[in-house]
>>> print(open('upload.txt').read())   # compact mmCIF, C-alpha atoms and all ligand atoms
# COMPACT_ATOMS: atom_id res chain seq x y z
CA MET A 1 0.00 0.00 0.00
CA GLN A 2 1.27 3.48 -0.78
CA THR A 3 2.17 5.60 2.25
CA ALA A 4 0.38 8.90 2.89
CA LYS A 5 1.77 11.90 0.99
CA HIS A 6 2.87 13.81 4.09
CA LEU A 7 4.99 10.82 5.11
CA GLN A 8 6.67 10.32 1.77
CA GLN A 9 8.85 13.41 2.17
CA ILE A 10 10.13 12.43 5.64
CA GLN A 11 13.67 11.12 5.64
CA PRO A 12 14.41 8.17 7.94
CA SER A 13 16.11 9.35 11.14
CA TYR A 14 19.85 9.39 10.53
CA ILE A 15 20.51 9.02 14.25
CA ARG A 16 18.38 5.86 14.49
CA GLU A 17 20.45 4.34 11.65
CA ILE A 18 23.73 5.21 13.34
CA LEU A 19 22.38 3.89 16.63
CA ALA A 20 21.60 0.59 14.92
CA ALA A 21 25.21 0.34 13.67
CA ALA A 22 26.48 1.52 17.06
CA THR A 23 25.20 -1.60 18.80
CA THR A 24 27.69 -3.76 16.87
CA GLU A 25 29.93 -5.60 19.31
CA GLY A 26 33.14 -3.74 20.09
CA VAL A 27 31.81 -0.33 18.97
CA ILE A 28 31.79 2.39 21.65
CA SER A 29 28.79 4.60 21.08
CA LEU A 30 28.85 8.32 21.82
CA ALA A 31 26.02 8.63 19.30
CA GLY A 32 22.79 8.21 21.26
CA GLY A 33 21.24 10.60 23.76
CA LEU A 34 21.26 7.87 26.38
CA PRO A 35 21.27 8.55 30.12
CA ALA A 36 23.61 6.45 32.28
CA SER A 37 21.86 3.07 32.47
CA ASP A 38 24.30 1.98 35.21
CA HIS A 39 22.79 4.73 37.42
CA PHE A 40 19.05 4.35 36.82
CA PRO A 41 17.19 5.00 40.13
CA LEU A 42 15.65 1.52 40.11
CA SER A 43 16.27 0.85 43.80
CA LEU A 44 14.28 3.99 44.69
CA MET A 45 11.37 2.56 42.69
CA ALA A 46 11.55 -0.97 44.13
CA GLU A 47 8.92 -0.35 46.79
CA GLY A 48 6.59 1.25 44.25
CA PHE A 49 6.94 -1.77 41.94
CA ALA A 50 6.31 -4.19 44.80
CA LYS A 51 3.11 -2.54 46.02
CA MET A 52 1.49 -2.16 42.59
CA PRO A 53 -0.51 -5.44 42.73
CA ASP A 54 -2.23 -4.06 45.87
CA THR A 55 -3.80 -1.24 43.83
CA PRO A 56 -5.75 -2.75 40.89
CA ALA A 57 -7.35 0.68 40.25
CA LEU A 58 -4.02 1.83 38.82
CA PHE A 59 -4.53 -0.66 35.99
CA GLN A 60 -7.96 0.67 35.01
CA TYR A 61 -8.50 3.31 32.27
CA GLY A 62 -7.59 6.74 33.62
CA GLU A 63 -8.05 10.42 32.88
CA THR A 64 -6.62 11.91 29.69
CA ARG A 65 -4.82 14.74 31.53
CA GLY A 66 -2.93 12.31 33.71
CA TYR A 67 -2.87 10.61 37.10
CA LYS A 68 -4.27 13.21 39.50
CA PRO A 69 -1.85 12.63 42.42
CA LEU A 70 1.08 13.06 40.00
CA LEU A 71 -0.42 16.21 38.46
CA ASP A 72 -0.92 17.69 41.95
CA TYR A 73 2.68 16.88 42.88
CA LEU A 74 4.10 18.38 39.68
CA ASP A 75 1.94 21.48 39.98
CA GLU A 76 3.41 22.22 43.38
CA HIS A 77 6.95 21.01 42.71
CA TYR A 78 7.46 22.93 39.48
CA ARG A 79 5.39 25.94 40.58
CA VAL A 80 3.69 25.90 37.19
CA ALA A 81 2.90 29.41 35.89
CA SER A 82 -0.43 30.79 37.00
CA GLY A 83 -2.98 30.26 34.22
CA HIS A 84 -1.11 27.17 33.00
CA GLN A 85 -2.43 23.61 33.18
CA MET A 86 -0.57 20.36 32.72
CA LEU A 87 -1.04 17.29 30.56
CA VAL A 88 1.02 14.12 31.12
CA CYS A 89 2.43 12.76 27.85
CA SER A 90 4.15 9.59 26.71
CA GLY A 91 7.52 11.33 26.76
CA SER A 92 8.02 14.97 25.85
CA GLN A 93 8.28 13.73 22.25
CA GLN A 94 4.54 13.04 22.32
CA GLY A 95 3.97 16.52 23.74
CA LEU A 96 5.69 17.98 20.68
CA ASP A 97 3.58 15.87 18.37
CA LEU A 98 0.37 16.91 20.15
CA ILE A 99 1.32 20.59 19.82
CA ALA A 100 2.02 20.22 16.10
CA ARG A 101 -1.25 18.36 15.49
CA ALA A 102 -3.31 20.76 17.61
CA PHE A 103 -1.95 24.05 16.29
CA LEU A 104 -0.26 23.67 12.89
CA ASN A 105 -1.79 23.72 9.43
CA PRO A 106 0.38 22.73 6.45
CA ALA A 107 2.78 25.58 5.53
CA ASP A 108 2.46 27.31 8.94
CA GLY A 109 5.85 28.72 9.96
CA VAL A 110 7.93 27.24 12.79
CA ALA A 111 11.18 28.92 13.85
CA MET A 112 13.89 26.82 15.45
CA GLU A 113 17.54 27.20 16.25
CA ALA A 114 19.93 25.52 13.83
CA PRO A 115 21.39 23.08 14.67
CA CYS A 116 18.34 21.52 16.26
CA TYR A 117 16.96 18.35 17.92
CA PRO A 118 16.11 16.01 15.01
CA GLY A 119 13.00 14.63 16.76
CA ALA A 120 11.48 18.12 16.63
CA LEU A 121 12.45 18.52 12.99
CA GLN A 122 10.66 15.25 12.23
CA VAL A 123 7.47 16.25 14.04
CA PHE A 124 7.24 19.62 12.31
CA ALA A 125 8.08 18.15 8.90
CA LEU A 126 5.35 15.55 9.38
CA ALA A 127 2.88 18.35 10.14
CA GLY A 128 3.86 19.96 6.80
CA ALA A 129 5.17 23.06 8.59
CA SER A 130 7.50 25.49 6.93
CA ILE A 131 10.71 25.43 8.99
CA HIS A 132 12.69 28.68 9.50
CA PRO A 133 16.15 28.05 10.98
CA VAL A 134 17.71 30.72 13.20
CA GLU A 135 21.46 30.78 13.78
CA GLN A 136 22.59 29.74 17.26
CA ASN A 137 25.33 31.65 19.10
CA PRO A 138 27.12 30.45 22.27
CA THR A 139 24.66 32.54 24.36
CA GLY A 140 21.44 31.64 22.54
CA PRO A 141 19.67 32.41 19.27
CA ASN A 142 20.77 35.28 17.01
CA LEU A 143 18.24 37.89 18.18
CA SER A 144 18.36 40.17 15.16
CA GLN A 145 17.65 37.21 12.85
CA LEU A 146 14.87 36.10 15.18
CA GLU A 147 13.26 39.53 15.26
CA LEU A 148 13.43 39.90 11.45
CA LEU A 149 11.76 36.53 11.12
CA PHE A 150 9.06 37.30 13.69
CA ALA A 151 8.45 40.72 12.08
CA SER A 152 7.93 39.05 8.68
CA GLY A 153 4.73 37.53 10.10
CA LYS A 154 5.71 34.10 8.77
CA VAL A 155 6.13 32.38 12.13
CA LYS A 156 3.42 30.93 14.39
CA LEU A 157 5.62 28.91 16.78
CA PHE A 158 9.18 29.22 18.04
CA TYR A 159 10.61 25.87 19.21
CA ALA A 160 13.56 26.26 21.60
CA VAL A 161 15.77 24.24 23.97
CA PRO A 162 17.26 26.98 26.20
CA ASP A 163 18.89 24.65 28.76
CA PHE A 164 21.77 22.41 27.56
CA HIS A 165 20.68 22.31 23.97
CA ASN A 166 20.68 19.11 21.93
CA PRO A 167 23.11 18.90 20.09
CA THR A 168 25.34 21.82 21.14
CA GLY A 169 24.94 21.97 24.94
CA VAL A 170 24.41 25.76 24.69
CA SER A 171 22.40 27.44 27.50
CA TRP A 172 20.82 30.84 26.96
CA THR A 173 21.87 33.74 29.17
CA LEU A 174 19.30 35.50 31.36
CA ASP A 175 19.30 38.53 29.10
CA ILE A 176 18.61 36.44 25.97
CA ARG A 177 15.79 34.64 27.80
CA LYS A 178 14.12 37.96 28.62
CA GLN A 179 14.61 39.35 25.13
CA VAL A 180 13.21 36.25 23.40
CA ALA A 181 10.17 36.36 25.70
CA ALA A 182 9.68 40.05 24.87
CA LEU A 183 9.86 39.28 21.13
CA CYS A 184 7.30 36.47 21.50
CA ARG A 185 4.98 38.93 23.23
CA GLN A 186 5.57 41.76 20.78
CA TYR A 187 5.01 39.63 17.66
CA GLU A 188 2.47 37.21 19.19
CA VAL A 189 4.54 34.13 18.43
CA ALA A 190 3.93 31.10 20.67
CA LEU A 191 7.03 29.71 22.38
CA ILE A 192 7.54 25.95 22.84
CA GLU A 193 10.17 25.66 25.56
CA ASP A 194 11.53 22.11 25.51
CA ALA A 195 13.41 21.46 28.76
CA PRO A 196 14.41 17.77 28.97
CA TYR A 197 17.93 18.50 30.26
CA ARG A 198 17.10 21.33 32.68
CA GLU A 199 17.64 19.27 35.83
CA LEU A 200 21.03 17.99 34.64
CA ARG A 201 23.06 21.07 35.64
CA PHE A 202 26.54 20.33 37.00
CA ALA A 203 28.04 23.84 36.94
CA GLY A 204 26.83 27.46 37.12
CA GLN A 205 23.48 28.80 38.28
CA GLN A 206 20.04 27.69 37.22
CA LEU A 207 18.20 30.40 35.25
CA PRO A 208 14.45 30.98 35.04
CA LEU A 209 12.48 29.35 32.25
CA VAL A 210 12.01 31.64 29.25
CA ALA A 211 8.30 30.84 29.62
CA SER A 212 8.31 32.53 33.04
CA PHE A 213 8.74 35.88 31.22
CA CYS A 214 5.85 35.28 28.78
CA PRO A 215 3.62 32.60 30.35
CA GLU A 216 0.55 33.59 28.33
CA ARG A 217 2.41 32.89 25.07
CA ALA A 218 4.37 29.79 26.10
CA MET A 219 4.12 26.04 26.41
CA VAL A 220 6.70 24.10 28.43
CA LEU A 221 7.70 20.49 27.79
CA ARG A 222 9.43 18.58 30.56
CA SER A 223 10.75 15.08 30.28
CA PHE A 224 11.32 12.45 32.95
CA SER A 225 13.48 10.37 30.62
CA LYS A 226 16.73 11.84 31.86
CA ILE A 227 15.93 11.92 35.60
CA SER A 228 14.02 8.62 35.90
CA THR A 229 14.32 6.26 32.92
CA PRO A 230 13.53 6.86 29.23
CA GLY A 231 11.76 3.49 28.88
CA MET A 232 8.96 4.68 31.21
CA ARG A 233 8.09 7.22 28.46
CA LEU A 234 6.88 10.05 30.65
CA GLY A 235 6.85 13.78 30.11
CA VAL A 236 4.57 16.68 30.98
CA LEU A 237 3.34 19.60 28.94
CA SER A 238 2.14 22.82 30.56
CA ALA A 239 0.20 25.41 28.60
CA PRO A 240 -2.25 28.29 29.10
CA GLU A 241 -5.63 26.87 30.08
CA ASP A 242 -7.38 27.73 26.79
CA TRP A 243 -4.63 26.03 24.76
CA LEU A 244 -5.02 22.82 26.74
CA ALA A 245 -8.48 21.90 25.39
CA PRO A 246 -7.29 21.27 21.78
CA LEU A 247 -4.24 19.42 23.12
CA LEU A 248 -6.49 17.17 25.20
CA LYS A 249 -8.60 16.39 22.13
CA VAL A 250 -5.55 15.23 20.19
CA LYS A 251 -4.17 13.29 23.16
CA GLN A 252 -7.49 11.49 23.55
CA ALA A 253 -7.57 10.52 19.88
CA SER A 254 -3.95 9.47 20.04
CA ASP A 255 -3.80 7.11 23.04
CA LEU A 256 -6.60 8.05 25.51
CA HIS A 257 -4.04 8.61 28.26
CA THR A 258 -0.48 7.82 29.31
CA SER A 259 0.14 4.61 31.29
CA ILE A 260 -1.25 5.11 34.80
CA PRO A 261 0.95 2.47 36.52
CA MET A 262 4.04 4.22 35.11
CA GLN A 263 2.76 7.61 36.34
CA ALA A 264 2.19 6.15 39.82
CA LEU A 265 5.70 4.73 39.80
CA LEU A 266 7.14 8.09 38.74
CA LEU A 267 5.29 9.82 41.59
CA ASP A 268 6.79 7.35 44.07
CA LEU A 269 10.24 8.14 42.73
CA LEU A 270 9.90 11.94 42.64
CA ALA A 271 8.42 12.03 46.15
CA HIS A 272 11.03 9.61 47.57
CA PRO A 273 13.04 11.36 50.34
CA ALA A 274 16.28 10.14 48.73
CA PHE A 275 15.45 11.47 45.23
CA PRO A 276 17.05 14.95 45.61
CA ALA A 277 20.32 13.30 46.72
CA TYR A 278 20.09 10.87 43.77
CA LEU A 279 19.75 13.80 41.33
CA ARG A 280 22.76 15.58 42.86
CA GLN A 281 24.77 12.37 42.56
CA LEU A 282 23.70 11.90 38.92
CA CYS A 283 24.78 15.46 38.05
CA GLY A 284 28.13 14.74 39.76
CA ILE A 285 28.58 11.61 37.61
CA TYR A 286 27.81 13.58 34.44
CA ARG A 287 30.28 16.31 35.49
CA GLU A 288 32.96 13.66 35.93
CA ARG A 289 32.16 12.08 32.54
CA TYR A 290 32.09 15.46 30.78
CA GLN A 291 35.47 16.37 32.28
CA ALA A 292 36.91 13.00 31.23
CA LEU A 293 35.70 13.60 27.66
CA VAL A 294 37.07 17.13 27.48
CA SER A 295 40.46 16.24 28.91
CA ALA A 296 40.78 13.24 26.55
CA LEU A 297 39.90 15.52 23.61
CA SER A 298 42.54 17.99 24.71
CA ASP A 299 45.16 15.21 25.24
CA TYR A 300 44.55 13.45 21.92
CA LEU A 301 43.53 16.34 19.64
CA GLY A 302 45.46 19.27 21.10
CA GLN A 303 44.64 22.45 19.13
CA GLU A 304 41.98 20.60 17.15
CA ALA A 305 39.80 20.07 20.23
CA ILE A 306 37.40 22.97 19.67
CA VAL A 307 34.57 22.45 22.13
CA GLU A 308 32.42 25.20 23.64
CA PRO A 309 32.23 24.43 27.42
CA VAL A 310 28.86 23.22 28.74
CA GLU A 311 27.36 23.48 32.25
CA GLY A 312 25.11 20.42 32.09
CA GLY A 313 23.10 18.09 29.90
CA MET A 314 24.53 15.19 27.95
CA PHE A 315 26.28 16.55 24.88
CA ALA A 316 29.44 18.27 23.69
CA TRP A 317 29.70 19.71 20.18
CA LEU A 318 33.11 19.24 18.62
CA GLN A 319 33.92 21.70 15.82
CA LEU A 320 35.92 20.23 12.95
CA PRO A 321 36.74 23.14 10.65
CA GLY A 322 37.27 22.08 7.05
CA ARG A 323 36.22 18.47 7.61
CA ASP A 324 33.25 16.58 6.21
CA PRO A 325 31.57 15.27 9.38
CA LEU A 326 29.70 12.56 7.50
CA ALA A 327 32.99 11.11 6.28
CA VAL A 328 34.44 11.46 9.80
CA ALA A 329 31.43 9.58 11.26
CA LYS A 330 31.85 6.73 8.77
CA GLU A 331 35.61 6.44 9.33
CA ALA A 332 35.14 6.63 13.10
CA LEU A 333 32.60 3.80 12.98
CA ALA A 334 35.14 1.69 11.10
CA LYS A 335 37.61 2.41 13.95
CA GLY A 336 35.04 1.34 16.55
CA VAL A 337 33.44 4.59 17.75
CA ALA A 338 30.00 5.90 16.82
CA ILE A 339 29.28 9.66 16.76
CA VAL A 340 26.60 11.75 15.06
CA PRO A 341 27.69 14.14 12.28
CA GLY A 342 26.43 17.72 12.56
CA ASN A 343 24.45 17.37 9.33
CA ALA A 344 21.81 15.31 11.14
CA PHE A 345 20.74 18.37 13.17
CA PHE A 346 19.77 20.70 10.32
CA PRO A 347 16.55 20.93 8.32
CA ALA A 348 16.74 19.00 5.03
CA SER A 349 17.23 22.15 2.92
CA GLU A 350 20.30 23.06 4.99
CA SER A 351 21.78 19.60 5.37
CA PRO A 352 24.61 17.60 3.82
CA GLN A 353 26.14 19.52 1.01
CA ALA A 354 29.42 18.10 -0.16
CA GLU A 355 30.93 21.56 -0.62
CA SER A 356 29.82 23.06 2.70
CA PRO A 357 29.15 20.37 5.27
CA VAL A 358 28.22 21.37 8.80
CA SER A 359 31.67 21.01 10.32
CA ALA A 360 30.91 19.57 13.74
CA ILE A 361 29.98 16.31 15.45
CA ARG A 362 27.90 15.59 18.56
CA LEU A 363 29.49 13.60 21.36
CA ASN A 364 27.37 12.10 24.13
CA PHE A 365 29.15 11.90 27.49
CA SER A 366 26.39 10.67 29.83
CA HIS A 367 26.29 6.98 28.94
CA GLU A 368 29.88 5.75 29.07
CA THR A 369 32.33 5.61 31.98
CA PRO A 370 35.36 7.98 32.03
CA GLY A 371 37.71 5.15 30.96
CA THR A 372 35.54 4.17 27.99
CA LEU A 373 35.11 7.83 26.97
CA ARG A 374 38.91 8.15 26.88
CA GLU A 375 39.23 5.06 24.70
CA ALA A 376 36.48 6.40 22.38
CA VAL A 377 38.38 9.67 21.96
CA ARG A 378 41.61 7.77 21.25
CA ARG A 379 39.83 5.92 18.43
CA LEU A 380 38.27 9.15 17.12
CA ALA A 381 41.65 10.87 17.18
CA SER A 382 43.09 8.13 14.97
CA VAL A 383 40.70 9.42 12.28
CA LEU A 384 41.28 13.13 12.90
CA VAL A 385 44.98 13.55 13.59
C1 LIG B 401 15.55 18.29 22.97
C2 LIG B 401 14.79 17.03 23.17
N1 LIG B 401 13.46 17.10 23.28
C3 LIG B 401 12.72 16.00 23.48
C4 LIG B 401 13.31 14.76 23.58
C5 LIG B 401 12.42 13.54 23.78
O1 LIG B 401 12.44 13.14 25.10
P1 LIG B 401 11.41 12.10 25.71
O2 LIG B 401 12.17 10.87 26.03
O3 LIG B 401 10.83 12.76 26.92
O4 LIG B 401 10.33 11.85 24.69
C6 LIG B 401 14.68 14.63 23.49
C7 LIG B 401 15.32 13.31 23.57
O5 LIG B 401 16.49 13.11 23.52
C8 LIG B 401 15.45 15.81 23.27
O6 LIG B 401 16.79 15.78 23.16
>>> encode(input="upload.txt", output="structure tokens", more="lines below")
Ligand SMILES: Cc1ncc(COP(=O)(O)O)c(C=O)c1O
Amino acid sequence: MQTAKHLQQIQPSYIREILAAATTEGVISLAGGLPASDHFPLSLMAEGFAKMPDTPALFQYGETRGYKPLLDYLDEHYRVASGHQMLVCSGSQQGLDLIARAFLNPADGVAMEAPCYPGALQVFALAGASIHPVEQNPTGPNLSQLELLFASGKVKLFYAVPDFHNPTGVSWTLDIRKQVAALCRQYEVALIEDAPYRELRFAGQQLPLVASFCPERAMVLRSFSKISTPGMRLGVLSAPEDWLAPLLKVKQASDLHTSIPMQALLLDLLAHPAFPAYLRQLCGIYRERYQALVSALSDYLGQEAIVEPVEGGMFAWLQLPGRDPLAVAKEALAKGVAIVPGNAFFPASESPQAESPVSAIRLNFSHETPGTLREAVRRLASVLV
């Protein structure tokens, strides 16, 4: 059977293909966005797992918005903006999809920083949106480009990852956060603030959400994949009350509601007295892994190790001036290390051009131990030096 037209133009995810190759025995993968599976908080969830059979009601159909005790906890814990309501999603990825299906018509304009999270690119492409890339600087988006774009009237939504961006690790400064919020207000553009890495800060000071400066024009996506486990597939979307009704309609049509037993388990974890200490420990582990990666890059690549420092998250973005990152990725895989070439993070119109490739690669540092990260860099260096 022929696939639907809107699907025919979607390219298969490059990252998924690399990830498939990355599981080959002997290959060290810095390609995926995987949290440290050796540090999943499973012991903090053991009691929750064990008591589940005592509560059959958890296994009944539930409410579309989510499991009420979890919603109440999140409302208080995150101090959700006044006028906002929450909807629990099957990962923040589903939240993105719901937003696109609830608010976008084909050819509607979506602005996003370039490079950008490929999962967002896929969702917006599937919705038939017209994607407008905005250059990213080390402190956030290029504001003059953003304002020109907003002023053109072509943009309905601005999708942004202001904390520990995927793939670059960039975090916006306070000033940029305020200015972007002011632009969203001035030009009536809705902001989608995607914050899956926000809790993974290992240096510097936490800054307010951009949405806190323009709550009436913003939706916030949070993910529990990086602070609990990704396999539980849990995220939460918060949006102004009148935007929630169309989102609920789409959610209902999509899967009725997110798994209630998983939501109950997540609540047990978040409310566990030892959870704050677990999160601090996790951030400490990521700091150690990031430092191991950066010092290996400096030892093996010397002057060629051009990496903008990051204060959290899971990724470092290695600049490779004058190199074709796709060729580097293929050669690196042959040497036993998987990485993602920068090309994968740009909209199709901007992506792999033999003459002007995006000269950078993304390196994940959260999943492997310091020793394995060092070995991965040694293998990568054998391609680069
Ligand atoms: C920026 C960004 N948004 C959303 C997601 C999806 O996260 P989730 O597992 O909550 O669906 C990811 C996953 O890596 C991501 O990097």
>>> residues_near_ligand(input="upload.txt", ligand="ligand LIG 401 (chain B)", cutoff="10 Å", atoms="all atoms listed in the file", output="PyMOL selection string")
chain A and resi 32-35+89-96+116-120+159-167+193-197+221-226+229-236+313-315
>>> atom_distance(input="upload.txt", atom1="CA of Phe202 (chain A)", atom2="CA of Thr139 (chain A)")
17.7 Å
>>> residues_around(input="upload.txt", residues="Ile285 (chain A)", least_positions_apart="5", cutoff="10 Å", atoms="only C-alpha atoms", output="list in words")
Ala36, His39, Phe202, Leu279, Arg280, Tyr290, Gln291, Ser366, Thr369 and Pro370 of chain A
>>> closest_residue(input="upload.txt", among="A:Asp324, A:Glu304, A:Glu216, A:Asp255", to="Gly66 (chain A)", atoms="only C-alpha atoms")
A:Asp255
>>> closest_residue(input="upload.txt", among="A:Ala381, A:Leu297, A:Val155, A:Arg287", to="Glu331 (chain A)", atoms="all atoms listed in the file")
A:Ala381
>>> closest_residue(input="upload.txt", among="A:Ile192, A:Leu247, A:Val88, A:Val123", to="Phe103 (chain A)", atoms="all atoms listed in the file")
A:Leu247
>>> closest_residue(input="upload.txt", among="A:Cys283, A:Thr24, A:Gly153, A:Cys214", to="Arg198 (chain A)", atoms="all atoms listed in the file")
A:Cys283
>>> closest_residue(input="upload.txt", among="A:Ser259, A:Ser359, A:Gln2, A:Ser295", to="Pro309 (chain A)", atoms="only C-alpha atoms")
A:Ser295
>>> atom_distance(input="upload.txt", atom1="CA of Thr372 (chain A)", atom2="CA of Ile28 (chain A)")
7.6 Å
>>> decode(input="upload.txt", residues="region 175-183 of chain A", atoms="all heavy atoms", output="PDB file, in the first residue's frame")
ATOM      1  N   ASP A 175      19.702  37.416  29.955  1.00  0.00           N
ATOM      2  CA  ASP A 175      19.301  38.531  29.102  1.00  0.00           C
ATOM      3  C   ASP A 175      18.623  38.021  27.814  1.00  0.00           C
ATOM      4  O   ASP A 175      17.584  38.535  27.396  1.00  0.00           O
ATOM      5  CB  ASP A 175      20.564  39.350  28.767  1.00  0.00           C
ATOM      6  CG  ASP A 175      20.194  40.610  28.029  1.00  0.00           C
ATOM      7  OD1 ASP A 175      19.256  41.284  28.493  1.00  0.00           O
ATOM      8  OD2 ASP A 175      20.810  40.891  26.974  1.00  0.00           O
ATOM      9  N   ILE A 176      19.214  36.993  27.203  1.00  0.00           N
ATOM     10  CA  ILE A 176      18.610  36.439  25.965  1.00  0.00           C
ATOM     11  C   ILE A 176      17.224  35.871  26.279  1.00  0.00           C
ATOM     12  O   ILE A 176      16.275  36.038  25.510  1.00  0.00           O
ATOM     13  CB  ILE A 176      19.510  35.322  25.372  1.00  0.00           C
ATOM     14  CG1 ILE A 176      20.869  35.873  24.973  1.00  0.00           C
ATOM     15  CG2 ILE A 176      18.809  34.580  24.242  1.00  0.00           C
ATOM     16  CD1 ILE A 176      21.046  36.291  23.547  1.00  0.00           C
ATOM     17  N   ARG A 177      17.100  35.215  27.435  1.00  0.00           N
ATOM     18  CA  ARG A 177      15.795  34.645  27.801  1.00  0.00           C
ATOM     19  C   ARG A 177      14.732  35.743  27.840  1.00  0.00           C
ATOM     20  O   ARG A 177      13.637  35.591  27.301  1.00  0.00           O
ATOM     21  CB  ARG A 177      15.872  33.944  29.176  1.00  0.00           C
ATOM     22  CG  ARG A 177      16.606  32.621  29.110  1.00  0.00           C
ATOM     23  CD  ARG A 177      16.963  32.046  30.473  1.00  0.00           C
ATOM     24  NE  ARG A 177      17.985  31.044  30.291  1.00  0.00           N
ATOM     25  CZ  ARG A 177      17.827  29.720  30.444  1.00  0.00           C
ATOM     26  NH1 ARG A 177      16.710  29.237  30.898  1.00  0.00           N
ATOM     27  NH2 ARG A 177      18.806  28.889  30.197  1.00  0.00           N
ATOM     28  N   LYS A 178      15.093  36.863  28.490  1.00  0.00           N
ATOM     29  CA  LYS A 178      14.119  37.957  28.623  1.00  0.00           C
ATOM     30  C   LYS A 178      13.798  38.560  27.255  1.00  0.00           C
ATOM     31  O   LYS A 178      12.646  38.876  26.950  1.00  0.00           O
ATOM     32  CB  LYS A 178      14.678  39.045  29.542  1.00  0.00           C
ATOM     33  CG  LYS A 178      14.715  38.613  31.000  1.00  0.00           C
ATOM     34  CD  LYS A 178      15.244  39.727  31.856  1.00  0.00           C
ATOM     35  CE  LYS A 178      15.250  39.331  33.326  1.00  0.00           C
ATOM     36  NZ  LYS A 178      16.039  40.240  34.163  1.00  0.00           N
ATOM     37  N   GLN A 179      14.839  38.713  26.436  1.00  0.00           N
ATOM     38  CA  GLN A 179      14.612  39.346  25.131  1.00  0.00           C
ATOM     39  C   GLN A 179      13.779  38.457  24.207  1.00  0.00           C
ATOM     40  O   GLN A 179      12.923  38.960  23.468  1.00  0.00           O
ATOM     41  CB  GLN A 179      15.949  39.665  24.470  1.00  0.00           C
ATOM     42  CG  GLN A 179      16.699  40.769  25.219  1.00  0.00           C
ATOM     43  CD  GLN A 179      17.768  41.382  24.339  1.00  0.00           C
ATOM     44  OE1 GLN A 179      17.496  41.835  23.240  1.00  0.00           O
ATOM     45  NE2 GLN A 179      19.002  41.387  24.812  1.00  0.00           N
ATOM     46  N   VAL A 180      14.016  37.143  24.246  1.00  0.00           N
ATOM     47  CA  VAL A 180      13.208  36.250  23.404  1.00  0.00           C
ATOM     48  C   VAL A 180      11.742  36.309  23.857  1.00  0.00           C
ATOM     49  O   VAL A 180      10.827  36.396  23.037  1.00  0.00           O
ATOM     50  CB  VAL A 180      13.742  34.799  23.448  1.00  0.00           C
ATOM     51  CG1 VAL A 180      12.749  33.828  22.818  1.00  0.00           C
ATOM     52  CG2 VAL A 180      15.090  34.703  22.737  1.00  0.00           C
ATOM     53  N   ALA A 181      11.539  36.296  25.186  1.00  0.00           N
ATOM     54  CA  ALA A 181      10.166  36.364  25.704  1.00  0.00           C
ATOM     55  C   ALA A 181       9.491  37.661  25.244  1.00  0.00           C
ATOM     56  O   ALA A 181       8.321  37.663  24.828  1.00  0.00           O
ATOM     57  CB  ALA A 181      10.177  36.271  27.220  1.00  0.00           C
ATOM     58  N   ALA A 182      10.255  38.762  25.287  1.00  0.00           N
ATOM     59  CA  ALA A 182       9.679  40.054  24.873  1.00  0.00           C
ATOM     60  C   ALA A 182       9.308  40.016  23.387  1.00  0.00           C
ATOM     61  O   ALA A 182       8.245  40.529  22.989  1.00  0.00           O
ATOM     62  CB  ALA A 182      10.684  41.180  25.155  1.00  0.00           C
ATOM     63  N   LEU A 183      10.153  39.374  22.570  1.00  0.00           N
ATOM     64  CA  LEU A 183       9.855  39.282  21.130  1.00  0.00           C
ATOM     65  C   LEU A 183       8.601  38.424  20.889  1.00  0.00           C
ATOM     66  O   LEU A 183       7.770  38.748  20.039  1.00  0.00           O
ATOM     67  CB  LEU A 183      11.040  38.685  20.365  1.00  0.00           C
ATOM     68  CG  LEU A 183      12.282  39.579  20.232  1.00  0.00           C
ATOM     69  CD1 LEU A 183      13.431  38.824  19.563  1.00  0.00           C
ATOM     70  CD2 LEU A 183      11.957  40.846  19.430  1.00  0.00           C
TER      71      LEU A 183
END
